[in-house]
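Heads up, the thing below is written out as structure tokens.
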Amino acid sequence: MNGFLENSIIEIMKRYNYSEESGSVIARLFNLMVAKELRGFCHASASVLFVCLTELSLNPGLFIGEANIENKYFDHSWICLNGRIIDLAIALPLDYSDAVGPVILDCDLYTKGKTSVNYGKESGFEYDDITKNIMNLKFVEYMDNAPYSKNGLWEFVRIALNQNIDIDNFRTKYMNTKRSLLS
């Protein structure tokens with residue numbers, strides 16, 4: 001990731017009285033997503049970010065539902081922190097035409113303005129099979145079995161936090177985690 005985006009993430013987090021460390025964690029995760037070209041990684045990145053921000057004692061909310069850009073609806077996952085959205089995956093969509101900047105506390109990092117993405121809107125259509133499957137999986141089962149590394153998404157948590165983690169302890173700690181359905 002270029003230093004500009006990393007500094008922008010940290011700056012926005014600090015503007016809302018969050019630590020530089022929280023901005024660095026978010027930046028490391030986004031950097032990893034860009035380096036690995038992880039498109040359509042919303043459910044995974046929100047899950048990883050939920051664990052990381054919880055470990056920093058920030059009390060994030062993990063949401064799943066629909067979002068839309070210019071009336072194009074799609075199933076999506078994101079984080080809320082004190083009522084503000086954090087969404088890294090929105091900048092790496094499956095469909096390149098929908099790209100907007102990563103959203104940090106409602107701010108689009110590319111435009112420096114409020115994000116144009118509407119979260120929690122309803123199209124009236126059913127969720128796709130992937131989203132339904134994720135909604136039915138236990139959080140730890142999803143973290144364990146995501147196909148991105150031999151340690152599932154826990155490896156992404158380790159990288160974003162920049163520390164070794166005891167995966168078994170994390171499994172126990174997050175065994176009752178649930179995604180909030182926002183519609």
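So you can find residues: chains in the structure tokens are A, B, ... in the order shown, residues in each start at 1, and ligands are numbered from 1 in order.
Within the 12 Å cut-off around Tyr174 in chain A, using only C-alpha atoms and omitting residues fewer than 6 positions from it on the same chain, the listed residues are A:Ser47, A:Val48, A:Phe50, A:Val51, A:Cys52, A:Thr54, A:Glu55, A:Lys138, A:Phe139, A:Val140, A:Glu141, A:Tyr142, A:Met143, A:Asp144, A:Trp154, A:Ile167, A:Asp168.
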*Pick out each residue of range 11-116 of chain A that DSSP on the backbone tags as helix (DSSP H, G or I); I need them as an MDAnalysis selection string.*
chainID A and resid 11:15 20:35 42:55 89:91 96:98
_Applying 10 Å and only C-alpha atoms, which residues near Ile12 in chain A remain after dropping the ones on its own chain fewer than 5 positions away? List them as a PyMOL selection string._
chain A and resi 7+17-18+20+23+104-107+109+112
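Considering only C-alpha atoms, the residue among A:Leu137, A:Glu155, A:Asn176, A:Leu92 positioned nearest to Leu38 in chain A is A:Leu92.
In this model, the gap between CA of Arg84 in chain A and CA of Gly3 in chain A comes to 23.6 Å.
Nearest residue to Ala44 in chain A among A:Asn145, A:Thr111, A:Ser19, A:Asn59 is A:Asn145, counting only C-alpha atoms.
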*Quick one: residues within 12 Å of Thr131 in chain A, only C-alpha atoms counted, chain neighbours fewer than 6 positions away excluded, as a ChimeraX atom specification?*
/A:40-44,63-66,74-77,137,142,179,181
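CA of Leu161 in chain A sits 24.0 Å away from CA of Pro93 in chain A.
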May I have a table of the residues of range 46-156 of chain A lying at most 10 Å from range 29-32 of chain A, giving each one's closest pair of atoms and their distance in Å to one decimal, counting only C-alpha atoms, ordered by chain and ascending residue number, as JSON lines?
{"residue": "A:Val48", "atom": "CA", "partner": "A:Leu29", "partner_atom": "CA", "distance": 8.4}
{"residue": "A:Leu49", "atom": "CA", "partner": "A:Leu29", "partner_atom": "CA", "distance": 7.8}
{"residue": "A:Cys52", "atom": "CA", "partner": "A:Leu29", "partner_atom": "CA", "distance": 9.6}
{"residue": "A:Asp87", "atom": "CA", "partner": "A:Phe30", "partner_atom": "CA", "distance": 9.7}
{"residue": "A:Leu88", "atom": "CA", "partner": "A:Phe30", "partner_atom": "CA", "distance": 6.3}
{"residue": "A:Ala89", "atom": "CA", "partner": "A:Phe30", "partner_atom": "CA", "distance": 8.1}
{"residue": "A:Ala91", "atom": "CA", "partner": "A:Phe30", "partner_atom": "CA", "distance": 9.4}
{"residue": "A:Leu92", "atom": "CA", "partner": "A:Phe30", "partner_atom": "CA", "distance": 9.7}
{"residue": "A:Pro102", "atom": "CA", "partner": "A:Phe30", "partner_atom": "CA", "distance": 8.5}
{"residue": "A:Phe156", "atom": "CA", "partner": "A:Leu29", "partner_atom": "CA", "distance": 7.2}
_Option closest in space to Asn82 in chain A, from A:Tyr16, A:Ala46, A:Asn164, A:Tyr119 [counting only C-alpha atoms]_ = A:Tyr16
*asked:* DSSP on the backbone: which residues in range 53-99 of chain A end up as strand (DSSP E or B)? Give the answer as a PyMOL selection string.
replied: chain A and resi 61-69+72-81+84-87
Store the residues picked out above in a file with C-alpha atoms, as an mmCIF file, in the first residue's frame.
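Output contents, as saved in again.cif:
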data_model
loop_
_atom_site.group_PDB
_atom_site.id
_atom_site.type_symbol
_atom_site.label_atom_id
_atom_site.label_comp_id
_atom_site.auth_asym_id
_atom_site.auth_seq_id
_atom_site.Cartn_x
_atom_site.Cartn_y
_atom_site.Cartn_z
ATOM 1 C CA GLY A 61 -20.182 -4.363 15.338
ATOM 2 C CA LEU A 62 -20.025 -7.031 12.614
ATOM 3 C CA PHE A 63 -22.795 -6.592 10.054
ATOM 4 C CA ILE A 64 -24.089 -8.516 7.086
ATOM 5 C CA GLY A 65 -26.821 -7.411 4.737
ATOM 6 C CA GLU A 66 -27.117 -5.454 1.541
ATOM 7 C CA ALA A 67 -25.405 -2.339 0.369
ATOM 8 C CA ASN A 68 -25.836 -0.339 -2.798
ATOM 9 C CA ILE A 69 -23.928 2.011 -5.019
ATOM 10 C CA LYS A 72 -26.935 -1.416 -7.676
ATOM 11 C CA TYR A 73 -27.564 -3.741 -4.725
ATOM 12 C CA PHE A 74 -25.215 -6.468 -3.531
ATOM 13 C CA ASP A 75 -24.802 -8.693 -0.488
ATOM 14 C CA HIS A 76 -22.085 -7.368 1.764
ATOM 15 C CA SER A 77 -20.406 -7.385 5.186
ATOM 16 C CA TRP A 78 -18.862 -4.443 7.036
ATOM 17 C CA ILE A 79 -17.889 -3.131 10.465
ATOM 18 C CA CYS A 80 -19.561 -0.395 12.496
ATOM 19 C CA LEU A 81 -17.581 1.447 15.107
ATOM 20 C CA ARG A 84 -19.591 4.741 11.624
ATOM 21 C CA ILE A 85 -18.741 2.299 8.823
ATOM 22 C CA ILE A 86 -15.367 0.676 8.199
ATOM 23 C CA ASP A 87 -15.305 -1.262 4.936
#
